[in-house]
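As stored in input_28.txt (compact mmCIF, C-alpha atoms):
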```
# COMPACT_ATOMS: atom_id res chain seq x y z
CA MET A 1 106.56 84.78 -75.79
CA ALA A 2 110.18 85.73 -75.04
CA VAL A 3 111.09 85.58 -78.72
CA LYS A 4 108.09 87.79 -79.60
CA LEU A 5 108.99 90.40 -76.99
CA PHE A 6 112.61 90.39 -78.13
CA SER A 7 111.47 90.97 -81.73
CA LEU A 8 109.28 93.90 -80.65
CA CYS A 9 112.22 95.43 -78.78
CA LEU A 10 114.44 95.18 -81.84
CA LEU A 11 111.73 96.79 -83.97
CA ALA A 12 111.30 99.63 -81.47
CA VAL A 13 115.05 100.29 -81.51
CA ALA A 14 115.05 100.36 -85.32
CA LEU A 15 112.10 102.74 -85.46
CA LEU A 16 113.58 105.03 -82.83
CA GLY A 17 116.96 105.17 -84.53
CA SER A 18 115.40 106.04 -87.88
CA LEU A 19 113.36 108.90 -86.45
CA CYS A 20 115.98 110.34 -84.11
CA GLN A 21 118.34 111.09 -87.00
CA ALA A 22 115.60 113.07 -88.73
CA GLN A 23 114.39 114.72 -85.53
CA GLU A 24 117.85 116.02 -84.71
CA ARG A 25 117.54 118.05 -87.89
CA TYR A 26 113.93 118.84 -86.99
CA PHE A 27 114.62 120.38 -83.59
CA LYS A 28 118.22 121.61 -83.84
CA PRO A 29 118.21 125.45 -83.97
CA SER A 30 120.23 126.17 -87.07
CA THR A 31 119.89 127.85 -90.42
CA PRO A 32 117.41 125.81 -92.49
CA GLN A 33 118.93 123.89 -95.37
CA GLY A 34 116.12 123.57 -97.89
CA PRO A 35 116.11 121.31 -100.94
CA GLN A 36 118.26 122.41 -103.83
CA LYS A 37 116.76 124.03 -106.93
CA PRO A 38 114.58 125.54 -105.65
CA GLN A 39 115.50 126.23 -102.03
CA PRO A 40 113.16 127.50 -99.34
CA PRO A 41 114.31 130.93 -98.13
CA THR A 42 116.89 130.79 -95.32
CA GLN A 43 117.17 132.86 -92.19
CA GLN A 44 119.95 133.29 -89.63
CA ARG A 45 117.76 132.36 -86.68
CA PRO A 46 115.93 129.21 -85.51
CA GLN A 47 112.60 128.39 -87.08
CA LYS A 48 109.43 127.52 -85.24
CA ILE A 49 107.84 124.37 -86.64
CA ASN A 50 104.04 124.21 -86.80
CA THR A 51 102.41 120.86 -87.51
CA GLN A 52 98.87 119.70 -88.09
CA GLN A 53 97.71 116.10 -88.12
CA THR A 54 94.45 114.37 -88.93
CA GLN A 55 92.36 113.08 -86.07
CA GLY A 56 91.91 109.41 -85.45
CA HIS A 57 88.48 107.83 -85.27
CA PRO A 58 86.35 109.76 -82.72
CA ASP A 59 85.52 106.59 -80.77
CA ILE A 60 89.23 105.81 -80.22
CA PRO A 61 91.26 108.20 -78.03
CA THR A 62 94.18 109.40 -80.15
CA CYS A 63 96.75 108.97 -77.36
CA GLN A 64 95.53 105.55 -76.24
CA VAL A 65 98.48 103.59 -77.62
CA PRO A 66 99.59 100.33 -75.92
CA PRO A 67 103.08 100.68 -74.39
CA GLN A 68 104.64 98.10 -76.70
CA TYR A 69 103.57 100.10 -79.78
CA LYS A 70 104.70 103.57 -78.66
CA ILE A 71 107.23 105.26 -80.97
CA GLN A 72 109.19 108.21 -79.64
CA CYS A 73 108.31 111.58 -81.12
CA GLY A 74 110.93 114.31 -80.75
CA LEU A 75 114.25 114.12 -78.99
CA PRO A 76 114.67 112.43 -75.59
CA GLY A 77 113.87 114.83 -72.76
CA ILE A 78 111.34 116.86 -74.75
CA THR A 79 108.87 118.77 -72.58
CA ALA A 80 105.13 118.16 -72.56
CA SER A 81 104.41 121.53 -74.17
CA ASP A 82 106.95 121.00 -76.95
CA CYS A 83 105.51 117.54 -77.54
CA GLN A 84 102.03 119.02 -77.84
CA ASP A 85 103.31 121.68 -80.23
CA ILE A 86 104.25 118.97 -82.73
CA ASN A 87 100.89 117.16 -82.27
CA CYS A 88 102.28 114.16 -80.44
CA CYS A 89 101.16 112.56 -77.18
CA PHE A 90 102.88 112.81 -73.78
CA ASP A 91 102.40 110.30 -70.94
CA GLY A 92 104.49 112.12 -68.33
CA GLN A 93 107.72 110.45 -69.38
CA MET A 94 107.68 109.92 -73.12
CA CYS A 95 106.54 111.88 -76.16
CA TYR A 96 105.09 109.46 -78.74
CA TYR A 97 102.99 109.33 -81.90
CA GLY A 98 99.24 108.91 -81.48
CA ARG A 99 96.61 106.93 -83.37
CA ALA A 100 96.44 109.38 -86.25
CA VAL A 101 98.31 110.58 -89.32
CA THR A 102 101.13 112.83 -88.18
CA LEU A 103 103.12 114.98 -90.60
CA GLN A 104 106.37 116.74 -89.76
CA CYS A 105 108.48 118.91 -92.09
CA THR A 106 112.16 119.23 -91.28
CA LYS A 107 114.28 122.34 -91.81
CA ASP A 108 116.50 120.49 -94.28
CA GLY A 109 113.55 119.68 -96.57
CA GLN A 110 112.23 116.25 -95.51
CA PHE A 111 108.73 114.86 -95.21
CA ILE A 112 108.22 112.67 -92.11
CA VAL A 113 104.81 110.95 -92.18
CA VAL A 114 103.78 108.56 -89.40
CA ILE A 115 100.56 106.67 -90.14
CA ALA A 116 98.71 104.69 -87.47
CA ARG A 117 96.76 101.62 -88.48
CA ASP A 118 93.94 102.90 -86.24
CA ALA A 119 93.73 106.28 -87.99
CA THR A 120 90.57 105.05 -89.74
CA LEU A 121 87.79 102.59 -89.03
CA PRO A 122 87.90 100.05 -90.63
CA ASN A 123 91.64 100.06 -90.03
CA ILE A 124 94.08 100.96 -92.79
CA ASP A 125 96.05 98.21 -94.49
CA LEU A 126 99.49 99.74 -93.92
CA ASP A 127 100.97 97.67 -96.75
CA SER A 128 98.63 99.31 -99.28
CA ILE A 129 99.65 102.96 -98.73
CA ASN A 130 101.06 104.79 -101.74
CA PHE A 131 102.47 108.22 -102.49
CA MET A 132 102.53 109.91 -105.89
CA GLY A 133 105.99 108.57 -106.67
CA THR A 134 106.89 104.90 -107.05
CA ASN A 135 110.67 104.71 -106.56
CA GLU A 136 112.33 102.93 -103.64
CA ASN A 137 112.69 106.17 -101.65
CA CYS A 138 108.89 106.28 -101.40
CA GLN A 139 108.73 103.07 -99.37
CA PRO A 140 108.36 103.16 -95.56
CA VAL A 141 111.61 103.47 -93.64
CA ALA A 142 110.11 101.39 -90.82
CA THR A 143 106.87 99.53 -90.10
CA SER A 144 105.21 97.67 -87.26
CA SER A 145 101.81 96.10 -86.85
CA ALA A 146 100.52 99.47 -85.59
CA PHE A 147 102.46 102.15 -87.53
CA ALA A 148 104.17 102.89 -90.83
CA ILE A 149 106.85 105.60 -91.04
CA TYR A 150 107.78 107.39 -94.25
CA GLN A 151 110.64 109.84 -94.73
CA PHE A 152 111.72 111.33 -98.06
CA PRO A 153 112.90 114.68 -99.50
CA VAL A 154 110.22 117.25 -100.24
CA THR A 155 111.43 117.18 -103.84
CA GLY A 156 110.99 113.40 -104.14
CA CYS A 157 108.22 110.81 -104.54
CA GLY A 158 106.30 112.83 -107.11
CA THR A 159 105.99 115.91 -104.88
CA THR A 160 104.84 119.09 -106.65
CA MET A 161 106.17 122.56 -105.82
CA THR A 162 104.51 125.99 -106.04
CA GLU A 163 105.92 129.38 -105.12
CA THR A 164 104.00 132.58 -104.37
CA ASP A 165 104.98 136.22 -104.78
CA THR A 166 105.44 136.40 -101.00
CA ASN A 167 108.27 133.84 -101.08
CA VAL A 168 106.18 131.00 -99.68
CA ILE A 169 107.21 127.67 -101.20
CA THR A 170 104.69 124.81 -100.88
CA TYR A 171 105.61 121.17 -101.44
CA GLU A 172 102.58 118.88 -101.83
CA ASN A 173 102.21 115.12 -102.09
CA ARG A 174 99.27 112.79 -101.92
CA MET A 175 98.89 109.49 -100.11
CA SER A 176 96.16 106.95 -100.66
CA CYS A 177 95.57 103.25 -100.13
CA SER A 178 94.21 100.43 -102.22
CA TYR A 179 90.98 98.67 -101.31
CA GLU A 180 89.00 95.57 -102.16
CA VAL A 181 86.14 95.98 -104.65
CA ALA A 182 83.18 93.58 -104.98
CA VAL A 183 81.52 93.61 -108.40
CA GLY A 184 77.87 92.67 -108.95
CA PRO A 185 75.66 92.63 -112.03
CA TYR A 186 74.42 96.22 -111.51
CA GLY A 187 77.23 97.93 -109.62
CA ALA A 188 80.37 97.66 -107.52
CA ILE A 189 80.98 98.45 -103.84
CA THR A 190 83.71 98.48 -101.22
CA ARG A 191 83.71 98.22 -97.42
CA ASP A 192 87.36 99.21 -96.98
CA SER A 193 88.44 102.65 -95.81
CA GLN A 194 89.28 105.08 -98.61
CA PHE A 195 92.45 106.75 -97.44
CA ASP A 196 93.12 109.83 -99.58
CA LEU A 197 95.05 112.72 -98.01
CA LEU A 198 97.18 115.63 -99.20
CA VAL A 199 100.33 116.44 -97.23
CA GLN A 200 101.92 119.88 -97.51
CA CYS A 201 105.15 121.41 -96.28
CA LYS A 202 105.19 125.22 -96.50
CA TYR A 203 108.48 127.05 -96.17
CA THR A 204 108.43 130.78 -95.43
CA GLY A 205 111.12 133.20 -94.37
CA THR A 206 110.68 132.45 -90.66
CA SER A 207 108.86 129.15 -90.26
CA VAL A 208 107.98 125.74 -91.64
CA GLU A 209 104.35 124.64 -91.70
CA ALA A 210 102.98 121.10 -92.03
CA LEU A 211 99.40 120.44 -93.08
CA VAL A 212 97.33 117.31 -93.74
CA ILE A 213 94.21 117.82 -95.87
CA ASP A 214 91.37 115.34 -96.41
CA VAL A 215 90.59 115.19 -100.14
CA GLY A 216 87.13 116.70 -100.76
CA VAL A 217 83.90 114.92 -99.89
CA LEU A 218 80.97 115.54 -102.20
CA VAL A 219 77.90 117.36 -100.85
CA PRO A 220 75.11 114.73 -100.57
CA PRO A 221 71.72 115.19 -102.26
CA PRO A 222 68.61 115.66 -100.08
CA PRO A 223 66.83 112.48 -98.91
CA VAL A 224 63.44 111.49 -100.35
CA ALA A 225 60.93 108.68 -99.76
CA GLY A 226 58.78 106.90 -102.34
CA PRO A 227 55.02 106.57 -101.76
CA GLY A 228 52.89 103.63 -102.95
CA PRO A 229 49.35 102.21 -102.86
CA LEU A 230 50.30 99.99 -99.92
CA ARG A 231 51.45 102.18 -97.02
CA VAL A 232 54.83 100.85 -95.97
CA GLU A 233 57.57 102.62 -94.06
CA LEU A 234 61.31 101.91 -94.13
CA ARG A 235 63.24 103.25 -91.14
CA LEU A 236 66.61 102.71 -89.44
CA GLY A 237 67.07 101.56 -85.86
CA ASN A 238 69.42 103.54 -83.63
CA GLY A 239 69.03 101.79 -80.27
CA ILE A 240 72.05 102.40 -78.03
CA CYS A 241 73.32 100.11 -75.28
CA THR A 242 73.21 101.77 -71.86
CA ALA A 243 73.58 98.74 -69.57
CA LYS A 244 76.73 96.73 -68.96
CA GLY A 245 76.89 93.59 -71.08
CA CYS A 246 74.23 94.87 -73.49
CA MET A 247 74.43 93.68 -77.10
CA GLU A 248 73.75 96.38 -79.68
CA GLU A 249 71.66 94.07 -81.86
CA ASP A 250 69.34 93.38 -78.92
CA VAL A 251 68.41 97.06 -78.53
CA ALA A 252 68.90 98.31 -82.10
CA TYR A 253 65.16 98.40 -82.85
CA ASN A 254 64.11 99.94 -79.52
CA SER A 255 64.33 103.41 -81.06
CA TYR A 256 64.64 104.89 -84.54
CA TYR A 257 66.21 107.87 -86.27
CA LEU A 258 63.82 110.82 -86.60
CA ASP A 259 63.24 112.72 -89.85
CA GLY A 260 65.44 115.60 -88.71
CA GLU A 261 68.37 113.24 -88.05
CA TYR A 262 68.77 112.21 -91.69
CA PRO A 263 71.07 111.82 -93.47
CA VAL A 264 72.40 109.26 -91.01
CA THR A 265 76.19 109.02 -90.92
CA LYS A 266 77.84 105.59 -90.80
CA VAL A 267 81.41 104.31 -90.90
CA LEU A 268 82.25 101.69 -93.51
CA ARG A 269 81.34 98.19 -92.23
CA ASP A 270 79.17 99.68 -89.50
CA PRO A 271 75.95 97.66 -89.09
CA VAL A 272 72.86 99.35 -90.56
CA TYR A 273 69.64 98.23 -88.86
CA VAL A 274 66.76 98.31 -91.34
CA GLU A 275 63.08 97.86 -90.53
CA VAL A 276 60.20 97.79 -93.01
CA ARG A 277 56.72 97.92 -91.53
CA MET A 278 53.19 97.89 -92.87
CA LEU A 279 51.01 100.85 -91.83
CA GLU A 280 47.25 101.17 -91.22
CA ARG A 281 46.52 97.44 -91.33
CA THR A 282 45.05 95.64 -88.31
CA ASP A 283 44.48 92.13 -89.68
CA PRO A 284 46.85 89.90 -87.65
CA ASN A 285 46.74 87.25 -90.39
CA LEU A 286 48.46 89.49 -92.94
CA VAL A 287 52.19 89.01 -93.47
CA LEU A 288 54.50 91.66 -94.91
CA THR A 289 57.00 90.12 -97.30
CA LEU A 290 60.14 91.50 -98.87
CA GLY A 291 61.14 90.60 -102.38
CA ARG A 292 64.24 92.37 -103.56
CA CYS A 293 66.01 94.99 -101.41
CA TRP A 294 68.85 96.95 -102.92
CA ALA A 295 70.89 100.13 -102.53
CA THR A 296 71.63 102.99 -104.90
CA SER A 297 73.50 106.29 -104.68
CA ASN A 298 70.39 108.10 -105.94
CA PRO A 299 66.85 108.26 -104.50
CA ASN A 300 65.55 106.89 -107.81
CA PRO A 301 65.26 103.09 -107.28
CA LEU A 302 65.92 102.51 -111.00
CA SER A 303 69.18 104.45 -111.03
CA LEU A 304 72.59 102.83 -111.41
CA PRO A 305 74.80 101.67 -109.81
CA GLN A 306 72.88 99.22 -107.62
CA TRP A 307 73.85 96.65 -105.01
CA ASP A 308 71.54 93.85 -103.87
CA LEU A 309 70.93 93.33 -100.15
CA LEU A 310 68.10 90.79 -100.39
CA VAL A 311 66.97 88.73 -103.36
CA ASP A 312 63.56 87.04 -103.06
CA GLY A 313 63.64 87.96 -99.36
CA CYS A 314 66.95 86.14 -98.80
CA PRO A 315 70.50 87.46 -98.34
CA TYR A 316 72.32 88.21 -101.59
CA ARG A 317 74.68 85.26 -101.84
CA ASP A 318 77.38 86.99 -103.91
CA ASP A 319 78.08 89.52 -101.15
CA ARG A 320 81.06 88.65 -98.97
CA TYR A 321 79.26 90.31 -96.03
CA LEU A 322 75.89 88.56 -96.10
CA THR A 323 72.84 90.54 -95.02
CA ASN A 324 71.44 89.19 -91.76
CA LEU A 325 67.69 88.58 -91.48
CA VAL A 326 66.27 89.38 -88.03
CA GLN A 327 63.35 87.28 -86.80
CA VAL A 328 60.33 89.29 -85.61
CA ASP A 329 57.95 87.23 -83.49
CA GLY A 330 55.74 87.51 -80.42
CA SER A 331 58.74 88.11 -78.16
CA SER A 332 59.30 91.47 -79.87
CA GLY A 333 56.40 93.06 -77.95
CA LEU A 334 54.82 94.31 -81.21
CA GLN A 335 51.03 94.13 -81.63
CA PHE A 336 51.31 92.70 -85.16
CA PRO A 337 54.77 91.11 -85.52
CA SER A 338 53.93 89.74 -88.97
CA HIS A 339 53.57 93.33 -90.24
CA TYR A 340 57.31 93.91 -89.77
CA LYS A 341 60.50 92.81 -91.51
CA ARG A 342 64.01 93.57 -90.24
CA PHE A 343 67.51 92.98 -91.58
CA ILE A 344 71.07 94.16 -90.97
CA PHE A 345 73.75 94.89 -93.54
CA LYS A 346 77.29 96.26 -93.33
CA MET A 347 77.79 99.83 -94.58
CA PHE A 348 79.57 100.24 -97.92
CA THR A 349 80.10 102.82 -100.63
CA PHE A 350 79.82 102.48 -104.37
CA VAL A 351 82.82 102.61 -106.66
CA ALA A 352 82.79 103.58 -110.31
CA SER A 353 85.07 104.55 -113.16
CA GLY A 354 87.63 107.26 -112.49
CA SER A 355 85.94 109.62 -114.96
CA ALA A 356 82.98 109.91 -112.55
CA ASN A 357 85.21 111.73 -110.09
CA PRO A 358 88.36 113.02 -111.81
CA THR A 359 89.78 114.49 -108.57
CA LYS A 360 90.48 110.96 -107.31
CA ASN A 361 93.62 108.98 -108.03
CA VAL A 362 93.26 105.35 -106.99
CA LEU A 363 96.63 103.68 -107.34
CA GLN A 364 95.44 100.09 -107.05
CA ASP A 365 93.11 100.32 -110.06
CA PRO A 366 92.76 103.67 -111.85
CA ILE A 367 89.34 102.61 -113.21
CA MET A 368 87.58 101.95 -109.89
CA THR A 369 87.06 105.05 -107.71
CA PRO A 370 84.93 105.36 -104.52
CA LEU A 371 81.83 107.53 -104.87
CA GLN A 372 81.49 109.54 -101.66
CA GLU A 373 77.76 110.00 -102.07
CA MET A 374 74.50 109.28 -100.26
CA LEU A 375 73.25 105.71 -100.01
CA TYR A 376 69.54 104.90 -100.41
CA ILE A 377 67.84 101.60 -99.58
CA HIS A 378 64.89 100.31 -101.63
CA CYS A 379 62.68 97.29 -100.97
CA ASN A 380 59.96 95.64 -103.03
CA THR A 381 57.22 94.75 -100.53
CA ALA A 382 53.98 92.80 -100.72
CA VAL A 383 51.15 91.59 -98.48
CA CYS A 384 50.80 87.83 -98.21
CA ARG A 385 47.93 85.76 -96.79
CA PRO A 386 49.18 82.49 -95.35
CA THR A 387 47.71 79.20 -96.59
CA ASN A 388 48.31 75.54 -95.82
CA MET A 389 50.69 75.46 -98.76
CA ASP A 390 52.61 78.67 -98.03
CA ASN A 391 53.35 80.37 -94.70
CA CYS A 392 54.60 83.47 -96.55
CA GLU A 393 58.13 83.13 -95.14
CA PRO A 394 61.06 83.15 -97.58
CA ARG A 395 62.61 79.76 -98.20
CA CYS A 396 66.12 80.94 -98.82
CA PHE A 397 68.11 79.24 -101.59
CA ARG A 398 65.06 77.34 -102.87
CA ARG A 399 64.44 76.80 -106.58
CA LYS A 400 63.31 79.76 -108.68
CA ARG A 401 60.07 78.07 -109.80
CA ASP A 402 59.02 77.69 -106.16
CA VAL A 403 59.65 81.39 -105.59
CA ALA A 404 57.54 82.34 -108.58
CA ALA A 405 54.66 80.14 -107.40
CA SER A 406 54.58 81.79 -103.98
CA VAL A 407 54.24 85.35 -105.27
CA LYS A 408 52.12 84.99 -108.42
CA SER A 409 48.84 85.80 -106.63
CA VAL A 410 49.93 89.18 -105.22
CA SER A 411 47.87 92.09 -106.61
CA SER A 412 49.22 95.52 -107.52
CA ASP A 413 47.23 97.09 -104.67
CA ASP A 414 49.06 94.92 -102.16
CA SER A 415 52.60 95.58 -103.36
CA THR A 416 54.84 98.62 -103.52
CA THR A 417 58.44 99.77 -103.45
CA VAL A 418 59.61 101.76 -100.45
CA THR A 419 62.73 103.97 -100.28
CA SER A 420 64.71 105.06 -97.24
CA PRO A 421 66.00 108.52 -96.46
CA GLY A 422 69.69 108.99 -97.14
CA ILE A 423 72.64 107.36 -95.38
CA ILE A 424 76.11 108.76 -95.83
CA PHE A 425 79.39 107.15 -94.85
CA THR A 426 81.95 109.18 -92.98
CA MET A 427 85.68 109.48 -93.58
CA THR A 428 87.48 108.81 -90.34
CA THR A 429 90.58 110.80 -91.21
CA GLU A 430 89.08 114.26 -90.80
CA GLN A 431 91.05 117.48 -90.86
CA GLN A 432 91.63 118.84 -87.37
```
Here is the file; what I need is its structure written in the form of structure tokens.
Amino acid sequence: MAVKLFSLCLLAVALLGSLCQAQERYFKPSTPQGPQKPQPPTQQRPQKINTQQTQGHPDIPTCQVPPQYKIQCGLPGITASDCQDINCCFDGQMCYYGRAVTLQCTKDGQFIVVIARDATLPNIDLDSINFMGTNENCQPVATSSAFAIYQFPVTGCGTTMTETDTNVITYENRMSCSYEVAVGPYGAITRDSQFDLLVQCKYTGTSVEALVIDVGVLVPPPPVAGPGPLRVELRLGNGICTAKGCMEEDVAYNSYYLDGEYPVTKVLRDPVYVEVRMLERTDPNLVLTLGRCWATSNPNPLSLPQWDLLVDGCPYRDDRYLTNLVQVDGSSGLQFPSHYKRFIFKMFTFVASGSANPTKNVLQDPIMTPLQEMLYIHCNTAVCRPTNMDNCEPRCFRRKRDVAASVKSVSSDDSTTVTSPGIIFTMTTEQQ
């Protein structure tokens, strides 16, 4: 433990020393020294620095940083108001960087970008962050398990420059991160956060402005549902824990999203609670069965790409995050428990070739690009009548010929495909 604490102290000293040198230039009231060829316009008076940072995840307070991970923001002795002006956090004694992406632009033409691992949910892999340039100056100047700090000239690391007729010079770079992609026979998905932000430093005659911009999210299509001869409904549980010690899975199906609440917004890897139920049937001997359940980015169940959630009523085995089947029995309190099927999967988004969304620039693999679109769930359903030979329950991982034998007697009037309203995943690095 003593060795670990000593290592953390050394890291904190290194981080603080790296930033203080830059922040002396950041706060010192002197004539700005912009990058050479071109230079931002200079003035003979101090500049006011305006910064803007992205918010962290809404469920995590931005300033809730454990003491051992706090990194000083600004010079020692900075006031609370000055700390707030540069979008940092103040605890009464220290100004420090919060759980967010913080951009600062110095008067001598430097980008300072401090990225918190908790800026998104799921958390960012700090080792996978990239800027537009690839030289050694584009690497972090310091890292810890909670933060990565970048500092480089506004003319470096692939930064682009534009100048307006009003003598405003804008330097813009782009940071993104790589992510893991799972590939199936009909599509590809990811459950990692897509971190794609623009950072801008604007130099005018009297001030320097810093701005972080979330790269555009596509407008989702309207949700639709597919009818069929068998009346079946697919809906999403939204039960919320209100008692201490409550488990979300225990109350997830106590209430459901209403029509006006769609599209439902989920964070990547969030659990999605799915229920399929049979309507207008009162025979307690009937059993609703699920065949294949899958997801698409289009309300058309035949559209591509697709990702399997259930195959023959069982979790899709080639998914790293297996779908979880939820047992529905007499303890559920339902009048006809056998008329219901429930399962839980982890939220994901599709990825496709870069040509599908040319505004994206994925540095890990230029071919695979996240599609920030709606997600629709589809399930093939059927009515089964139990016999001595078949209780209508899926026997997961059994032989294919056994599966075929159990479903061959289902008629077209007792089977249908049902489609959910839309689900959309949210980016957790939203512009403030």
Applying 9 Å and only C-alpha atoms, which residues near Met94 of chain A remain after dropping the ones on its own chain fewer than 3 positions away? List them as a PDB file with C-alpha atoms, keeping the file's coordinate frame.
```
ATOM      1  CA  LYS A  70     104.700 103.570 -78.660  1.00  0.00           C
ATOM      2  CA  GLN A  72     109.190 108.210 -79.640  1.00  0.00           C
ATOM      3  CA  CYS A  73     108.310 111.580 -81.120  1.00  0.00           C
ATOM      4  CA  PRO A  76     114.670 112.430 -75.590  1.00  0.00           C
ATOM      5  CA  GLY A  77     113.870 114.830 -72.760  1.00  0.00           C
ATOM      6  CA  ILE A  78     111.340 116.860 -74.750  1.00  0.00           C
ATOM      7  CA  THR A  79     108.870 118.770 -72.580  1.00  0.00           C
ATOM      8  CA  ALA A  80     105.130 118.160 -72.560  1.00  0.00           C
ATOM      9  CA  CYS A  89     101.160 112.560 -77.180  1.00  0.00           C
ATOM     10  CA  PHE A  90     102.880 112.810 -73.780  1.00  0.00           C
ATOM     11  CA  ASP A  91     102.400 110.300 -70.940  1.00  0.00           C
TER      12      ASP A  91
END
```
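Within the 8 Å cut-off around Ile112 of chain A, using all atoms listed in the file and omitting residues fewer than 5 positions from it on the same chain, the listed residues are Leu103, Gln104, Cys105, Thr106, Ile149, Tyr150, Gln151 and Phe152 of chain A.
By chain and then residue number, the residues within 9 Å of segment 235-238 of chain A are Val251, Ala252, Tyr253, Asn254, Ser255, Tyr256, Tyr257, Leu258, Val264, Val272, Tyr273, Val274, Glu275, Val276, Arg277, Ser420 and Pro421 of chain A, counting only C-alpha atoms and disregarding those fewer than 3 positions away in sequence.
Restricting the calculation to all atoms listed in the file, the smallest distance between Val267 of chain A and any of A:Thr166, A:Thr349, A:Thr369, A:Asn130 is found for A:Thr349.
Distance cut-off 7 Å, centre (73.2, 107.4, -92.2), atoms counted only C-alpha atoms; the residues meeting this are A:Tyr262, A:Pro263, A:Val264, A:Thr265, A:Lys266, A:Gly422, A:Ile423, A:Ile424, A:Phe425.
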Practice task
Measure the distance from atom CA of Phe345 of chain A to atom CA of Leu304 of chain A in Å and round it to one decimal.
Solution key: 19.6 Å
Exercise for the section: Kindly indicate which residue among A:Val114, A:Ile86, A:Ile344, A:Val181 lies nearest to Glu248 of chain A, using all atoms listed in the file for the distances. Expected result: A:Ile344
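Between Val208 of chain A and the candidates A:Lys244, A:Arg320, A:Arg117, A:Lys107, the tightest atom-to-atom separation, counting all atoms listed in the file, involves A:Lys107.
Nearest residue to Thr417 of chain A, choosing from A:Glu233, A:Glu261, A:Glu393, A:Asp192 and counting all atoms listed in the file: A:Glu233.
Taking atom CA of Tyr321 of chain A and atom CA of Asp196 of chain A as the two end points, the separation is 24.2 Å.
Among the candidates A:Pro284, A:Thr204, A:Asp85, A:Leu290, the one nearest to Thr164 of chain A when counting only C-alpha atoms is A:Thr204.
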Complete the atom set of segment 339-350 of chain A to N, CA and C atoms and return it as a PDB file, in the frame of the given file.
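Wrote result01.pdb, looks like this:
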```
ATOM      1  N   HIS A 339      53.598  92.124 -89.404  1.00  0.00           N
ATOM      2  CA  HIS A 339      53.570  93.330 -90.240  1.00  0.00           C
ATOM      3  C   HIS A 339      54.948  93.973 -90.351  1.00  0.00           C
ATOM      4  N   TYR A 340      55.970  93.324 -89.805  1.00  0.00           N
ATOM      5  CA  TYR A 340      57.310  93.910 -89.770  1.00  0.00           C
ATOM      6  C   TYR A 340      58.332  92.956 -90.404  1.00  0.00           C
ATOM      7  N   LYS A 341      59.333  93.548 -91.036  1.00  0.00           N
ATOM      8  CA  LYS A 341      60.500  92.810 -91.510  1.00  0.00           C
ATOM      9  C   LYS A 341      61.744  93.610 -91.129  1.00  0.00           C
ATOM     10  N   ARG A 342      62.773  92.912 -90.658  1.00  0.00           N
ATOM     11  CA  ARG A 342      64.010  93.570 -90.240  1.00  0.00           C
ATOM     12  C   ARG A 342      65.209  92.825 -90.812  1.00  0.00           C
ATOM     13  N   PHE A 343      66.241  93.592 -91.151  1.00  0.00           N
ATOM     14  CA  PHE A 343      67.510  92.980 -91.580  1.00  0.00           C
ATOM     15  C   PHE A 343      68.653  93.937 -91.292  1.00  0.00           C
ATOM     16  N   ILE A 344      69.862  93.392 -91.288  1.00  0.00           N
ATOM     17  CA  ILE A 344      71.070  94.160 -90.970  1.00  0.00           C
ATOM     18  C   ILE A 344      72.077  93.942 -92.095  1.00  0.00           C
ATOM     19  N   PHE A 345      72.650  95.030 -92.583  1.00  0.00           N
ATOM     20  CA  PHE A 345      73.750  94.890 -93.540  1.00  0.00           C
ATOM     21  C   PHE A 345      74.910  95.774 -93.105  1.00  0.00           C
ATOM     22  N   LYS A 346      76.085  95.510 -93.654  1.00  0.00           N
ATOM     23  CA  LYS A 346      77.290  96.260 -93.330  1.00  0.00           C
ATOM     24  C   LYS A 346      77.443  97.426 -94.310  1.00  0.00           C
ATOM     25  N   MET A 347      77.700  98.609 -93.765  1.00  0.00           N
ATOM     26  CA  MET A 347      77.790  99.830 -94.580  1.00  0.00           C
ATOM     27  C   MET A 347      78.882  99.712 -95.628  1.00  0.00           C
ATOM     28  N   PHE A 348      78.608 100.255 -96.808  1.00  0.00           N
ATOM     29  CA  PHE A 348      79.570 100.240 -97.920  1.00  0.00           C
ATOM     30  C   PHE A 348      79.408 101.523 -98.699  1.00  0.00           C
ATOM     31  N   THR A 349      80.247 101.715 -99.686  1.00  0.00           N
ATOM     32  CA  THR A 349      80.100 102.820-100.630  1.00  0.00           C
ATOM     33  C   THR A 349      80.309 102.291-102.033  1.00  0.00           C
ATOM     34  N   PHE A 350      79.662 102.896-102.989  1.00  0.00           N
ATOM     35  CA  PHE A 350      79.820 102.480-104.370  1.00  0.00           C
ATOM     36  C   PHE A 350      81.163 102.929-104.925  1.00  0.00           C
TER      37      PHE A 350
END
```
